[in-house]
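Structure file data_0.pdb (PDB, C-alpha atoms, pLDDT in the B column) is printed below.
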```pdb
ATOM      1  CA  MET W   1      65.008 -37.467  25.732  1.00 58.00           C
ATOM      2  CA  ASN W   2      64.162 -33.787  26.272  1.00 81.00           C
ATOM      3  CA  ALA W   3      60.533 -32.704  26.216  1.00 91.00           C
ATOM      4  CA  LEU W   4      59.358 -30.776  23.158  1.00 95.00           C
ATOM      5  CA  VAL W   5      57.267 -28.555  25.458  1.00 96.00           C
ATOM      6  CA  ALA W   6      58.231 -27.973  29.089  1.00 96.00           C
ATOM      7  CA  VAL W   7      56.146 -25.703  31.303  1.00 97.00           C
ATOM      8  CA  LYS W   8      57.361 -24.917  34.827  1.00 97.00           C
ATOM      9  CA  GLY W   9      55.515 -22.911  37.465  1.00 97.00           C
ATOM     10  CA  LEU W  10      53.449 -21.027  34.894  1.00 97.00           C
ATOM     11  CA  SER W  11      51.218 -18.308  36.337  1.00 97.00           C
ATOM     12  CA  LYS W  12      49.168 -15.463  34.899  1.00 98.00           C
ATOM     13  CA  VAL W  13      47.563 -12.706  36.936  1.00 97.00           C
ATOM     14  CA  PHE W  14      45.288 -10.151  35.282  1.00 97.00           C
ATOM     15  CA  ASP W  15      44.668  -6.708  36.759  1.00 96.00           C
ATOM     16  CA  VAL W  16      40.895  -6.224  36.479  1.00 95.00           C
ATOM     17  CA  SER W  17      40.774  -3.059  38.573  1.00 95.00           C
ATOM     18  CA  ALA W  18      38.657  -0.080  37.720  1.00 94.00           C
ATOM     19  CA  PRO W  19      40.602   2.839  36.216  1.00 94.00           C
ATOM     20  CA  TRP W  20      42.837   4.709  38.670  1.00 93.00           C
ATOM     21  CA  LEU W  21      40.610   7.785  39.010  1.00 93.00           C
ATOM     22  CA  ASN W  22      37.510   5.672  39.641  1.00 93.00           C
ATOM     23  CA  ARG W  23      39.386   3.745  42.356  1.00 93.00           C
ATOM     24  CA  VAL W  24      40.504   6.981  44.022  1.00 93.00           C
ATOM     25  CA  ILE W  25      37.040   8.569  43.944  1.00 94.00           C
ATOM     26  CA  GLU W  26      35.232   5.409  45.055  1.00 93.00           C
ATOM     27  CA  GLY W  27      37.949   4.314  47.499  1.00 93.00           C
ATOM     28  CA  LYS W  28      38.269   0.853  45.946  1.00 92.00           C
ATOM     29  CA  PRO W  29      41.431  -1.255  45.959  1.00 94.00           C
ATOM     30  CA  ARG W  30      43.033  -2.817  42.903  1.00 95.00           C
ATOM     31  CA  GLN W  31      41.603  -6.211  41.961  1.00 96.00           C
ATOM     32  CA  PHE W  32      43.394  -9.160  40.395  1.00 96.00           C
ATOM     33  CA  VAL W  33      42.320 -12.449  38.845  1.00 95.00           C
ATOM     34  CA  HIS W  34      44.701 -15.381  39.193  1.00 95.00           C
ATOM     35  CA  ALA W  35      43.805 -17.122  35.925  1.00 95.00           C
ATOM     36  CA  VAL W  36      46.661 -19.655  36.013  1.00 96.00           C
ATOM     37  CA  ASP W  37      48.637 -20.466  39.137  1.00 96.00           C
ATOM     38  CA  GLY W  38      51.751 -22.654  39.170  1.00 96.00           C
ATOM     39  CA  VAL W  39      51.020 -24.974  36.243  1.00 96.00           C
ATOM     40  CA  SER W  40      53.781 -27.422  35.251  1.00 97.00           C
ATOM     41  CA  PHE W  41      53.832 -30.199  32.648  1.00 96.00           C
ATOM     42  CA  GLU W  42      55.930 -31.677  29.853  1.00 96.00           C
ATOM     43  CA  ILE W  43      54.978 -32.971  26.413  1.00 95.00           C
ATOM     44  CA  GLU W  44      57.388 -35.406  24.805  1.00 95.00           C
ATOM     45  CA  ARG W  45      57.865 -35.489  21.027  1.00 92.00           C
ATOM     46  CA  GLY W  46      55.145 -37.532  19.361  1.00 91.00           C
ATOM     47  CA  LYS W  47      52.904 -37.424  22.440  1.00 93.00           C
ATOM     48  CA  THR W  48      49.657 -35.591  23.081  1.00 91.00           C
ATOM     49  CA  LEU W  49      48.500 -33.821  26.210  1.00 91.00           C
ATOM     50  CA  ALA W  50      44.834 -33.142  26.890  1.00 91.00           C
ATOM     51  CA  LEU W  51      44.181 -30.139  29.078  1.00 91.00           C
ATOM     52  CA  VAL W  52      40.647 -30.492  30.424  1.00 92.00           C
ATOM     53  CA  GLY W  53      38.583 -28.656  32.997  1.00 92.00           C
ATOM     54  CA  GLU W  54      35.454 -26.695  33.605  1.00 94.00           C
ATOM     55  CA  SER W  55      34.667 -23.476  31.820  1.00 91.00           C
ATOM     56  CA  GLY W  56      36.735 -20.576  33.154  1.00 90.00           C
ATOM     57  CA  CYS W  57      39.456 -22.693  34.778  1.00 92.00           C
ATOM     58  CA  GLY W  58      42.304 -21.288  32.635  1.00 93.00           C
ATOM     59  CA  LYS W  59      42.704 -23.754  29.749  1.00 93.00           C
ATOM     60  CA  SER W  60      42.639 -21.062  27.062  1.00 92.00           C
ATOM     61  CA  THR W  61      44.921 -18.832  29.120  1.00 95.00           C
ATOM     62  CA  VAL W  62      47.472 -21.677  29.339  1.00 96.00           C
ATOM     63  CA  ALA W  63      47.240 -22.131  25.554  1.00 93.00           C
ATOM     64  CA  ARG W  64      47.768 -18.406  24.953  1.00 94.00           C
ATOM     65  CA  LEU W  65      50.750 -18.441  27.327  1.00 96.00           C
ATOM     66  CA  LEU W  66      52.232 -21.413  25.455  1.00 94.00           C
ATOM     67  CA  VAL W  67      52.196 -19.646  22.082  1.00 93.00           C
ATOM     68  CA  GLY W  68      53.247 -16.271  23.469  1.00 93.00           C
ATOM     69  CA  LEU W  69      50.005 -14.339  23.042  1.00 93.00           C
ATOM     70  CA  TYR W  70      50.184 -13.572  26.772  1.00 95.00           C
ATOM     71  CA  GLY W  71      53.346 -13.061  28.765  1.00 94.00           C
ATOM     72  CA  PRO W  72      53.527 -15.084  31.983  1.00 96.00           C
ATOM     73  CA  SER W  73      53.407 -13.385  35.379  1.00 97.00           C
ATOM     74  CA  ALA W  74      55.726 -16.142  36.608  1.00 97.00           C
ATOM     75  CA  GLY W  75      57.245 -19.375  35.376  1.00 97.00           C
ATOM     76  CA  GLU W  76      58.540 -20.345  31.975  1.00 96.00           C
ATOM     77  CA  VAL W  77      57.616 -22.104  28.758  1.00 96.00           C
ATOM     78  CA  ARG W  78      60.341 -23.959  26.872  1.00 96.00           C
ATOM     79  CA  PHE W  79      59.817 -25.213  23.324  1.00 95.00           C
ATOM     80  CA  ASP W  80      62.441 -27.601  21.983  1.00 93.00           C
ATOM     81  CA  GLY W  81      64.764 -26.593  24.831  1.00 92.00           C
ATOM     82  CA  GLU W  82      64.514 -22.823  24.322  1.00 93.00           C
ATOM     83  CA  ASP W  83      62.724 -20.258  26.468  1.00 94.00           C
ATOM     84  CA  THR W  84      59.862 -19.009  24.269  1.00 94.00           C
ATOM     85  CA  ALA W  85      59.829 -15.560  25.937  1.00 93.00           C
ATOM     86  CA  VAL W  86      63.433 -15.019  24.842  1.00 94.00           C
ATOM     87  CA  VAL W  87      62.971 -16.435  21.339  1.00 94.00           C
ATOM     88  CA  LEU W  88      59.790 -14.423  20.693  1.00 92.00           C
ATOM     89  CA  GLN W  89      61.701 -11.205  21.458  1.00 92.00           C
ATOM     90  CA  SER W  90      64.475 -12.108  19.022  1.00 93.00           C
ATOM     91  CA  SER W  91      64.939 -12.351  15.273  1.00 93.00           C
ATOM     92  CA  ARG W  92      64.062 -16.064  15.548  1.00 93.00           C
ATOM     93  CA  ALA W  93      60.443 -15.355  16.511  1.00 91.00           C
ATOM     94  CA  ARG W  94      59.159 -15.983  12.985  1.00 87.00           C
ATOM     95  CA  ALA W  95      60.847 -19.413  12.843  1.00 89.00           C
ATOM     96  CA  LEU W  96      59.292 -20.366  16.191  1.00 92.00           C
ATOM     97  CA  ARG W  97      55.843 -19.188  15.068  1.00 88.00           C
ATOM     98  CA  LYS W  98      56.151 -21.480  12.037  1.00 85.00           C
ATOM     99  CA  ARG W  99      56.508 -24.452  14.375  1.00 88.00           C
ATOM    100  CA  MET W 100      53.974 -23.467  17.026  1.00 88.00           C
ATOM    101  CA  GLN W 101      50.433 -22.313  16.227  1.00 82.00           C
ATOM    102  CA  MET W 102      47.135 -22.036  18.036  1.00 82.00           C
ATOM    103  CA  ILE W 103      43.728 -22.894  16.621  1.00 78.00           C
ATOM    104  CA  PHE W 104      41.037 -20.903  18.406  1.00 77.00           C
ATOM    105  CA  GLN W 105      37.805 -22.540  19.551  1.00 76.00           C
ATOM    106  CA  ASP W 106      35.299 -20.104  18.082  1.00 76.00           C
ATOM    107  CA  PRO W 107      35.103 -20.742  14.319  1.00 71.00           C
ATOM    108  CA  TYR W 108      33.364 -17.405  13.730  1.00 74.00           C
ATOM    109  CA  ALA W 109      36.294 -15.549  15.303  1.00 73.00           C
ATOM    110  CA  SER W 110      38.879 -17.754  13.568  1.00 72.00           C
ATOM    111  CA  LEU W 111      37.472 -18.392  10.114  1.00 78.00           C
ATOM    112  CA  ASN W 112      36.145 -15.905   7.606  1.00 81.00           C
ATOM    113  CA  PRO W 113      32.893 -17.396   6.241  1.00 84.00           C
ATOM    114  CA  ARG W 114      33.391 -15.482   2.974  1.00 88.00           C
ATOM    115  CA  TRP W 115      36.694 -17.251   2.225  1.00 88.00           C
ATOM    116  CA  ARG W 116      37.043 -20.546   0.442  1.00 90.00           C
ATOM    117  CA  VAL W 117      38.544 -23.437   2.388  1.00 88.00           C
ATOM    118  CA  ARG W 118      41.650 -23.422   0.176  1.00 90.00           C
ATOM    119  CA  ASP W 119      42.219 -19.748   1.058  1.00 89.00           C
ATOM    120  CA  ILE W 120      41.779 -20.394   4.806  1.00 85.00           C
ATOM    121  CA  VAL W 121      44.163 -23.365   4.763  1.00 84.00           C
ATOM    122  CA  GLY W 122      46.585 -21.639   2.396  1.00 88.00           C
ATOM    123  CA  GLU W 123      46.898 -18.370   4.305  1.00 85.00           C
ATOM    124  CA  PRO W 124      49.407 -19.584   6.932  1.00 81.00           C
ATOM    125  CA  LEU W 125      51.372 -21.404   4.230  1.00 84.00           C
ATOM    126  CA  ARG W 126      51.658 -18.183   2.226  1.00 88.00           C
ATOM    127  CA  GLU W 127      52.396 -16.135   5.332  1.00 83.00           C
ATOM    128  CA  HIS W 128      55.325 -18.368   6.242  1.00 80.00           C
ATOM    129  CA  GLY W 129      56.629 -18.688   2.695  1.00 82.00           C
ATOM    130  CA  MET W 130      55.809 -22.366   2.452  1.00 79.00           C
ATOM    131  CA  ARG W 131      53.811 -22.097  -0.758  1.00 69.00           C
TER     132      ARG W 131
END
```
In structure tokens, how does this file's structure come out?
Amino acid sequence: MNALVAVKGLSKVFDVSAPWLNRVIEGKPRQFVHAVDGVSFEIERGKTLALVGESGCGKSTVARLLVGLYGPSAGEVRFDGEDTAVVLQSSRARALRKRMQMIFQDPYASLNPRWRVRDIVGEPLREHGMR
């Protein structure tokens, strides 16, 4: 059986350097943060994977890479056998987004406190034409 999610050698490097002119004037080199480095795992259909670790270890970055909010610096993410980077750049991106969603940790950034629960739950259903 093929894995529903297959991640191989996933890495993400962020450039956290000061702006170019500041670096030139101050003589500072570029700086990089290796947020995720060589992560690999598979999730079979019907199974659950818990990604745990201390604060700042890259869990949220891995999640954002999985759903395509960040592009990987290296490696690949496959969902149902297809490379998500390729699918998300194609006309099939909307269909993939229907099947793969992220729920963010911070409820104040994710949920509008002025909305009713039915509106919050119904929004993605309306957005994807499921209601």
**Message:** For W:Gln101, find every residue with an atom within 10 Å (counting only C-alpha atoms), except residues of its own chain fewer than 4 positions away, and show them as a list of chain:residue names.
**Reply:** W:Ala63, W:Arg64, W:Leu66, W:Val67, W:Gly68, W:Leu96, W:Arg97, W:Pro124
With C-alpha atoms retained, export the selected residues as a short mmCIF file (atom, residue, chain, number, x, y, z; two decimals), in the frame of the given file.
```cif
data_model
loop_
_atom_site.label_atom_id
_atom_site.label_comp_id
_atom_site.auth_asym_id
_atom_site.auth_seq_id
_atom_site.Cartn_x
_atom_site.Cartn_y
_atom_site.Cartn_z
CA ALA W 63 47.24 -22.13 25.55
CA ARG W 64 47.77 -18.41 24.95
CA LEU W 66 52.23 -21.41 25.46
CA VAL W 67 52.20 -19.65 22.08
CA GLY W 68 53.25 -16.27 23.47
CA LEU W 96 59.29 -20.37 16.19
CA ARG W 97 55.84 -19.19 15.07
CA PRO W 124 49.41 -19.58 6.93
#
```
**Request:** Point out the residue among W:Leu21, W:Val52, W:Ala35, W:Ile43 with the least atom-to-atom distance to W:Gly81, counting all atoms listed in the file.
**Result:** W:Ile43
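Shell of W:Ala85 at 9 Å, with all atoms listed in the file counted and residues fewer than 6 places along the chain excluded, is Gly68, Gly71, Pro72, Glu76, Val77 and Arg78 of chain W.
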**Message:** Once the PyMOL selection byres ((chain W and resi 55-62) around 12) has been evaluated on this model, what residues remain selected, and can you format them as a ChimeraX atom specification?
**Reply:** /W:7-14,33-41,50-54,63-73,75-77,102-106
**Message:** Evaluated on this file, the PyMOL selection byres ((chain W and resi 31) around 9) picks out some residues - which ones are they, written as a ChimeraX atom specification?
**Reply:** /W:14-18,28-30,32-33
Hey, can you spit out that residue selection with C-alpha atoms as an mmCIF file, in the coordinates of the input?
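Writing the result to out_21.cif gives the following:
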```cif
data_model
loop_
_atom_site.group_PDB
_atom_site.id
_atom_site.type_symbol
_atom_site.label_atom_id
_atom_site.label_comp_id
_atom_site.auth_asym_id
_atom_site.auth_seq_id
_atom_site.Cartn_x
_atom_site.Cartn_y
_atom_site.Cartn_z
ATOM 1 C CA PHE W 14 45.288 -10.151 35.282
ATOM 2 C CA ASP W 15 44.668 -6.708 36.759
ATOM 3 C CA VAL W 16 40.895 -6.224 36.479
ATOM 4 C CA SER W 17 40.774 -3.059 38.573
ATOM 5 C CA ALA W 18 38.657 -0.080 37.720
ATOM 6 C CA LYS W 28 38.269 0.853 45.946
ATOM 7 C CA PRO W 29 41.431 -1.255 45.959
ATOM 8 C CA ARG W 30 43.033 -2.817 42.903
ATOM 9 C CA PHE W 32 43.394 -9.160 40.395
ATOM 10 C CA VAL W 33 42.320 -12.449 38.845
#
```
**Request:** Check the smallest atom-to-atom distance from each of W:Arg114, W:Arg99, W:Val5, W:Gly27 to W:Asp83 using only C-alpha atoms, then report the winner.
**Result:** W:Val5
Return as AutoDock Vina command-line options the centre and edge lengths, in Å with one decimal, of the box along x, y and z that encloses every atom of stretch 103-118 of chain W in the file, padded by 5 Å per side.
```
--center_x 38.3 --center_y -19.5 --center_z 9.9 --size_x 20.8 --size_y 18.0 --size_z 29.4
```
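Going from atom CA of W:Met100 over to atom CA of W:Asp80, you cover 10.6 Å.
From atom CA of W:Ser90 back to atom CA of W:Gly122, the distance works out to 26.2 Å.
With atom CA of W:Ile120 on one side and atom CA of W:Arg45 on the other, the separation reads 27.4 Å.
Comparing W:Trp115, W:Ala109, W:Arg94, W:Ala3 by their smallest distance to W:Glu127, the closest is W:Arg94 (using only C-alpha atoms).
Shortest separation to W:Leu125 among W:Lys98, W:Gln89, W:Pro113, W:Pro107 occurs at residue W:Lys98, atoms counted being only C-alpha atoms.
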Using all atoms listed in the file, which protein or nucleic acid residues come within 8 Å of W:Phe79? Drop anything in the same chain fewer than 5 positions from it, and give the result as a PDB file with C-alpha atoms, in the frame of the given file.
```
ATOM      1  CA  LEU W   4      59.358 -30.776  23.158  1.00 95.00           C
ATOM      2  CA  VAL W   5      57.267 -28.555  25.458  1.00 96.00           C
ATOM      3  CA  ALA W   6      58.231 -27.973  29.089  1.00 96.00           C
ATOM      4  CA  THR W  84      59.862 -19.009  24.269  1.00 94.00           C
TER       5      THR W  84
END
```
